[in-house]
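Below: final_1.txt (compact mmCIF, N, CA and C atoms)
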# COMPACT_ATOMS: atom_id res chain seq x y z
N MET I 1 80.86 56.63 -87.21
CA MET I 1 81.03 58.07 -87.37
C MET I 1 82.42 58.35 -87.94
N SER I 2 82.47 59.19 -88.91
CA SER I 2 83.73 59.58 -89.54
C SER I 2 84.51 60.50 -88.60
N ALA I 3 85.83 60.43 -88.71
CA ALA I 3 86.68 61.32 -87.92
C ALA I 3 86.42 62.78 -88.29
N PHE I 4 86.00 63.01 -89.53
CA PHE I 4 85.71 64.37 -90.00
C PHE I 4 84.27 64.44 -90.48
N ASP I 5 83.35 64.17 -89.59
CA ASP I 5 81.94 64.11 -89.96
C ASP I 5 81.32 65.48 -90.23
N ARG I 6 82.01 66.56 -89.90
CA ARG I 6 81.51 67.91 -90.16
C ARG I 6 82.11 68.52 -91.42
N ILE I 7 83.11 67.86 -91.98
CA ILE I 7 83.77 68.34 -93.20
C ILE I 7 83.10 67.66 -94.39
N THR I 8 82.59 68.46 -95.32
CA THR I 8 81.89 67.91 -96.48
C THR I 8 82.49 68.44 -97.78
N PHE I 9 82.28 67.66 -98.83
CA PHE I 9 82.74 68.02 -100.17
C PHE I 9 81.58 67.83 -101.12
N ASN I 10 81.27 68.86 -101.90
CA ASN I 10 80.19 68.79 -102.86
C ASN I 10 80.55 69.73 -104.01
N ARG I 11 80.61 69.18 -105.21
CA ARG I 11 80.97 70.00 -106.38
C ARG I 11 80.04 71.19 -106.57
N GLU I 12 78.81 71.05 -106.09
CA GLU I 12 77.81 72.12 -106.26
C GLU I 12 77.94 73.22 -105.21
N ILE I 13 78.75 72.99 -104.19
CA ILE I 13 78.93 73.97 -103.12
C ILE I 13 80.40 74.36 -103.07
N MET I 14 80.67 75.61 -103.33
CA MET I 14 82.04 76.15 -103.28
C MET I 14 83.00 75.34 -104.15
N ALA I 15 82.51 74.87 -105.29
CA ALA I 15 83.32 74.14 -106.28
C ALA I 15 84.05 72.93 -105.68
N GLY I 16 83.44 72.32 -104.68
CA GLY I 16 84.00 71.10 -104.11
C GLY I 16 85.02 71.31 -103.01
N GLN I 17 85.23 72.56 -102.59
CA GLN I 17 86.15 72.82 -101.48
C GLN I 17 85.63 72.16 -100.21
N ALA I 18 86.54 71.88 -99.28
CA ALA I 18 86.15 71.36 -97.98
C ALA I 18 85.31 72.43 -97.28
N CYS I 19 84.09 72.07 -96.91
CA CYS I 19 83.17 73.00 -96.25
C CYS I 19 82.67 72.39 -94.95
N ILE I 20 82.00 73.21 -94.19
CA ILE I 20 81.43 72.77 -92.92
C ILE I 20 79.97 72.39 -93.12
N ARG I 21 79.67 71.13 -92.85
CA ARG I 21 78.30 70.58 -92.85
C ARG I 21 77.46 71.01 -94.05
N GLY I 22 78.08 71.04 -95.23
CA GLY I 22 77.34 71.34 -96.45
C GLY I 22 76.99 72.80 -96.63
N MET I 23 77.46 73.65 -95.74
CA MET I 23 77.20 75.08 -95.86
C MET I 23 78.25 75.71 -96.78
N ARG I 24 78.00 76.94 -97.14
CA ARG I 24 78.95 77.67 -97.98
C ARG I 24 79.99 78.38 -97.11
N ILE I 25 80.43 77.68 -96.10
CA ILE I 25 81.49 78.16 -95.21
C ILE I 25 82.63 77.16 -95.33
N SER I 26 83.71 77.60 -95.97
CA SER I 26 84.81 76.67 -96.24
C SER I 26 85.75 76.55 -95.05
N VAL I 27 86.42 75.43 -95.00
CA VAL I 27 87.46 75.21 -93.99
C VAL I 27 88.53 76.28 -94.14
N SER I 28 88.89 76.60 -95.37
CA SER I 28 89.94 77.61 -95.58
C SER I 28 89.53 78.97 -95.04
N LEU I 29 88.26 79.33 -95.12
CA LEU I 29 87.79 80.59 -94.56
C LEU I 29 88.02 80.60 -93.05
N ILE I 30 87.62 79.52 -92.40
CA ILE I 30 87.79 79.43 -90.95
C ILE I 30 89.27 79.54 -90.58
N LEU I 31 90.11 78.81 -91.30
CA LEU I 31 91.55 78.86 -91.02
C LEU I 31 92.12 80.25 -91.23
N ASN I 32 91.69 80.93 -92.28
CA ASN I 32 92.15 82.29 -92.53
C ASN I 32 91.72 83.25 -91.41
N LEU I 33 90.51 83.09 -90.94
CA LEU I 33 90.04 83.94 -89.84
C LEU I 33 90.89 83.73 -88.59
N ILE I 34 91.17 82.47 -88.27
CA ILE I 34 91.99 82.17 -87.09
C ILE I 34 93.41 82.68 -87.30
N ALA I 35 93.95 82.47 -88.48
CA ALA I 35 95.32 82.92 -88.78
C ALA I 35 95.45 84.44 -88.66
N ASN I 36 94.34 85.13 -88.86
CA ASN I 36 94.36 86.59 -88.77
C ASN I 36 93.85 87.12 -87.43
N GLY I 37 93.87 86.25 -86.42
CA GLY I 37 93.62 86.70 -85.07
C GLY I 37 92.21 86.60 -84.54
N LYS I 38 91.29 86.07 -85.33
CA LYS I 38 89.91 85.93 -84.84
C LYS I 38 89.84 84.79 -83.82
N SER I 39 89.10 84.99 -82.77
CA SER I 39 88.88 83.94 -81.78
C SER I 39 87.66 83.10 -82.20
N THR I 40 87.51 81.97 -81.54
CA THR I 40 86.33 81.14 -81.80
C THR I 40 85.06 81.95 -81.54
N ALA I 41 85.05 82.71 -80.46
CA ALA I 41 83.87 83.54 -80.14
C ALA I 41 83.59 84.56 -81.24
N ASP I 42 84.65 85.19 -81.77
CA ASP I 42 84.48 86.15 -82.86
C ASP I 42 83.86 85.49 -84.09
N ILE I 43 84.37 84.31 -84.43
CA ILE I 43 83.89 83.60 -85.63
C ILE I 43 82.45 83.18 -85.44
N LEU I 44 82.12 82.67 -84.27
CA LEU I 44 80.74 82.25 -84.01
C LEU I 44 79.78 83.43 -84.04
N ALA I 45 80.23 84.60 -83.60
CA ALA I 45 79.38 85.79 -83.66
C ALA I 45 79.16 86.24 -85.10
N GLU I 46 80.20 86.11 -85.92
CA GLU I 46 80.11 86.53 -87.32
C GLU I 46 79.36 85.52 -88.19
N TYR I 47 79.44 84.25 -87.83
CA TYR I 47 78.79 83.17 -88.59
C TYR I 47 77.93 82.35 -87.63
N PRO I 48 76.73 82.81 -87.32
CA PRO I 48 75.90 82.16 -86.30
C PRO I 48 75.47 80.74 -86.63
N ASP I 49 75.57 80.32 -87.88
CA ASP I 49 75.22 78.94 -88.22
C ASP I 49 76.32 77.95 -87.82
N LEU I 50 77.50 78.46 -87.51
CA LEU I 50 78.59 77.59 -87.08
C LEU I 50 78.45 77.23 -85.61
N GLN I 51 79.09 76.13 -85.26
CA GLN I 51 79.19 75.69 -83.87
C GLN I 51 80.68 75.58 -83.53
N ALA I 52 80.99 75.67 -82.26
CA ALA I 52 82.39 75.57 -81.83
C ALA I 52 83.04 74.29 -82.33
N GLU I 53 82.28 73.21 -82.38
CA GLU I 53 82.79 71.93 -82.85
C GLU I 53 83.20 71.99 -84.32
N ASP I 54 82.51 72.82 -85.11
CA ASP I 54 82.87 73.00 -86.52
C ASP I 54 84.26 73.61 -86.63
N ILE I 55 84.52 74.61 -85.82
CA ILE I 55 85.82 75.28 -85.86
C ILE I 55 86.92 74.33 -85.41
N GLN I 56 86.65 73.59 -84.33
CA GLN I 56 87.65 72.63 -83.84
C GLN I 56 87.94 71.58 -84.90
N GLN I 57 86.90 71.09 -85.57
CA GLN I 57 87.14 70.06 -86.58
C GLN I 57 87.87 70.63 -87.80
N ALA I 58 87.63 71.87 -88.15
CA ALA I 58 88.37 72.50 -89.24
C ALA I 58 89.86 72.55 -88.90
N LEU I 59 90.18 72.88 -87.66
CA LEU I 59 91.58 72.90 -87.23
C LEU I 59 92.19 71.50 -87.22
N THR I 60 91.43 70.53 -86.75
CA THR I 60 91.91 69.15 -86.73
C THR I 60 92.13 68.63 -88.14
N TYR I 61 91.23 68.97 -89.05
CA TYR I 61 91.36 68.57 -90.46
C TYR I 61 92.61 69.20 -91.07
N ALA I 62 92.84 70.47 -90.79
CA ALA I 62 94.04 71.15 -91.33
C ALA I 62 95.31 70.50 -90.78
N ALA I 63 95.31 70.15 -89.51
CA ALA I 63 96.48 69.48 -88.92
C ALA I 63 96.70 68.13 -89.58
N TRP I 64 95.62 67.42 -89.86
CA TRP I 64 95.72 66.12 -90.53
C TRP I 64 96.32 66.29 -91.92
N LEU I 65 95.88 67.31 -92.66
CA LEU I 65 96.42 67.56 -93.99
C LEU I 65 97.90 67.95 -93.94
N ALA I 66 98.29 68.67 -92.92
CA ALA I 66 99.67 69.14 -92.81
C ALA I 66 100.65 68.03 -92.48
N ARG I 67 100.16 66.85 -92.14
CA ARG I 67 101.06 65.73 -91.84
C ARG I 67 101.63 65.10 -93.10
N GLU I 68 101.32 65.66 -94.24
CA GLU I 68 101.84 65.15 -95.51
C GLU I 68 103.36 65.08 -95.44
N GLN I 69 103.91 64.00 -95.93
CA GLN I 69 105.36 63.86 -95.95
C GLN I 69 105.91 64.44 -97.25
N VAL I 70 106.95 65.23 -97.11
CA VAL I 70 107.60 65.85 -98.26
C VAL I 70 109.01 65.28 -98.35
N THR I 71 109.35 64.79 -99.52
CA THR I 71 110.69 64.29 -99.75
C THR I 71 111.52 65.41 -100.36
N VAL I 72 112.57 65.79 -99.66
CA VAL I 72 113.43 66.87 -100.14
C VAL I 72 114.65 66.26 -100.80
N HIS I 73 114.86 66.64 -102.03
CA HIS I 73 116.02 66.16 -102.78
C HIS I 73 117.17 67.16 -102.62
N SER I 74 118.33 66.70 -102.76
CA SER I 74 119.52 67.54 -102.63
C SER I 74 119.39 68.78 -103.50
N GLY I 75 119.62 69.94 -102.92
CA GLY I 75 119.57 71.20 -103.66
C GLY I 75 118.19 71.81 -103.75
N ALA I 76 117.16 71.11 -103.30
CA ALA I 76 115.79 71.63 -103.38
C ALA I 76 115.52 72.57 -102.22
N THR I 77 114.69 73.56 -102.45
CA THR I 77 114.26 74.46 -101.38
C THR I 77 112.75 74.38 -101.27
N LEU I 78 112.28 74.63 -100.07
CA LEU I 78 110.84 74.64 -99.85
C LEU I 78 110.36 76.03 -99.59

Output the file's structure as structure tokens, nothing else.
Amino acid sequence: MSAFDRITFNREIMAGQACIRGMRISVSLILNLIANGKSTADILAEYPDLQAEDIQQALTYAAWLAREQVTVHSGATL
């Protein structure tokens, strides 16, 4: 089993964006909803095809992506 078995990529769905289980619900949508104050219960009510595990895995996937190392050179700003 993959660590991100609920995260899928398909060029034919949402232009290849990371989505949940092949649906047209992107990881970025879920993250935006959470960032704007939606709870898991709110999201599940709005998107009944989702499961709580989908939301948790979207967050875990985002955390994994954020571990990217950035090399800062002298004088550079982020």

Tell me which residues come within 12 Å of (85.8, 68.6, -100.1), as a list in words, counting only C-alpha atoms in the file's coordinates.
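In the file's frame, the residues around the point are Phe4, Asp5, Arg6, Ile7, Thr8, Phe9, Asn10, Arg11, Glu12, Ile13, Met14, Ala15, Gly16, Gln17, Ala18, Cys19, Ile20, Arg21, Gly22, Met23, Arg24, Ile25, Ser26, Val27, Ser28, Ala58 and Tyr61 of chain I.
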
DSSP on the backbone: which residues in chain I end up as alpha helix (DSSP H)? Give the answer as number ranges by chain.
I: 27-35, 40-46, 52-66

Between atom CA of Gln56 of chain I and atom CA of Val70 of chain I, what is the spacing in Å?
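Going from atom CA of Val70 of chain I over to atom CA of Gln56 of chain I covers 25.5 Å.
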
When you count only N, CA and C atoms, which of these residues is closest to Ile55 of chain I: I:Ala3, I:Leu31, I:Ser74, I:Gly37?
I:Leu31

Axis-aligned box for segment 36-53 of chain I, 5 Å per side, centre and edges in Å as lines of an AutoDock Vina configuration file:
center_x = 84.8
center_y = 79.5
center_z = -84.5
size_x = 29.1
size_y = 25.2
size_z = 18.7

Extract the full set of strand (DSSP E) residues from chain I according to DSSP on the backbone, and format it as a list in words.
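These are the residues in question: Ile7, Thr8, Cys19 and Ile20 of chain I.
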
Contact residues around Ala52 of chain I with only C-alpha atoms at 12 Å, ignoring same-chain residues under 2 positions, as a list in words
Arg6, Ile20, Ile30, Ser39, Thr40, Ala41, Asp42, Ile43, Leu44, Ala45, Tyr47, Pro48, Asp49, Leu50, Asp54, Ile55, Gln56, Gln57, Ala58 and Leu59 of chain I

Atom N of Thr71 of chain I to atom CA of Ala35 of chain I measures 25.3 Å

Using atom CA of Trp64 of chain I and atom C of Glu46 of chain I as the two end points, give the distance in Å to one decimal.
25.5 Å
